[in-house]
Amino acid sequence: MRIASWNVNSIRARIEPVTKWLEKSNPDILLMQELKGSEFPTAYFKDLGYESAAVTQKTYNGVAILSRYPIETISTTLKGDEADSHARFLDTRIEGIRIINIYLPNGNPIGTDKFAYKLAWMDRLSSFMTDLIRSDEPALIGGDFNVIPEDIDCHKPSYWIRDALFQPEPRARYRSLLTLGYADAFRSLHPGETGKFTYWDYFRKAFESNRGIRIDHFLLSPSIAHRLKSCEIDTEPRAQEKPSDHTPILLELT
């Protein structure tokens with residue numbers, strides 16, 4: 001089974017590159033984040049052979065899952081804050097695997113309500129993932145985590161030292177998920193490898209100079225981690241015209 005994740009930075013603006021990538025890479029499942037629209041093109045992807053589930057929000061956020069298999073939607077909200085209306089969470093079951101798509105808050109600037117919201121959201125996610133791992137159900141949590149886990153996951157740590165993605169609090173919360181027993185799919189197969197990123201901003205030729213960060217992740221529960229065969233970052237879509245600032249990450253399970 002081939003499962004991918006991609007922050008598309010507006011599905012309306014990127015429908016053509018997403019289509020081309022699906023046709024080329026042929027994943028069984030694609031998790032998408034930052035849809036940026038209240039409408040999702042369900043019928044369009046149905047014609048491409050994919051079922052879909054989506055949580056949308058006008059202008060901002062939004063997550064969706066495409067699947068060649070039937071999708072059972074379990075929840076569209078992350079428990080713990082009934083007032084949170086952001087479209088950032090989609091919990092599904094596909095082919096006996098819990099597949100959860102997240103778009104974790106950015107949190108910038110530091111010292112504001114946005115940063116406090118990021119940390120609170122991560123605490124809620126940790127509670128959810130604790131319950132999930134106790135269930136022993138095979139689970140995969142993927143998406144845009146907006147966390148740079150380690151120094152090697154960015155081109156230059158000093159550049160990110162004042163960014164919310166690099167602060168000790170979210171990084172510690174990310175590591176605590178690994179302590180629970182989840183495996184970072186990419187880092188499990190590429191320990192110590194540098195220069196591997198999933199995001200580059202649009203300015204100062206960041207992509208061309210590979211001044212990026214790795215913030216799009218797959219975390220696997222112990223009951224499925226042994227099935228991990230490969231996990232790679234596909235940089236080709238980021239090199240196309242009018243790309244998302246993120247690029248897909250693709251894993252394969254046996």
# chains A, B, ... in the order shown; residues from 1 in each chain; ligands from 1
$ select_by_dssp --residues "range 11-194 of chain A" --states "alpha helix (DSSP H)" --output "MDAnalysis selection string"
chainID A and resid 11:25 42:47 113:135 157:160 168:180 185:189
$ residues_around --residues "Ala64 in chain A" --least-positions-apart "3" --cutoff "9 Å" --atoms "only C-alpha atoms" --output "NGL selection string"
:A and (30-35 or 40 or 52-56 or 89-90 or 101)
$ closest_residue --among "A:Gly107, A:Gly143, A:Pro222, A:Pro191" --to "Gln167 in chain A" --atoms "only C-alpha atoms"
A:Gly107
$ atom_distance --atom1 "CA of Gly62 in chain A" --atom2 "CA of Ser223 in chain A"
28.5 Å
$ closest_atom_pairs --of "range 87-156 of chain A" --to "range 177-185 of chain A" --cutoff "8 Å" --atoms "only C-alpha atoms" --output "tab-separated table"
residue	atom	partner	partner_atom	distance
A:Ser126	CA	A:Leu177	CA	6.6
A:Met129	CA	A:Leu177	CA	7.7
A:Thr130	CA	A:Leu180	CA	7.0
A:Ile133	CA	A:Leu180	CA	7.8
$ write_last_selection --atoms "N, CA and C atoms" --output "short mmCIF file (atom, residue, chain, number, x, y, z; two decimals), in the first residue's frame"
data_model
loop_
_atom_site.label_atom_id
_atom_site.label_comp_id
_atom_site.auth_asym_id
_atom_site.auth_seq_id
_atom_site.Cartn_x
_atom_site.Cartn_y
_atom_site.Cartn_z
N SER A 126 -1.71 14.74 21.55
CA SER A 126 -1.00 13.74 22.36
C SER A 126 -1.97 12.86 23.13
N MET A 129 -3.53 10.49 20.64
CA MET A 129 -2.61 9.46 20.19
C MET A 129 -2.25 8.48 21.30
N THR A 130 -2.33 8.94 22.55
CA THR A 130 -2.12 8.03 23.69
C THR A 130 -3.25 7.00 23.74
N ILE A 133 -2.86 4.50 20.73
CA ILE A 133 -1.82 3.47 20.82
C ILE A 133 -2.22 2.40 21.84
#
$ atom_distance --atom1 "CA of Ser38 in chain A" --atom2 "CA of Ile74 in chain A"
20.4 Å
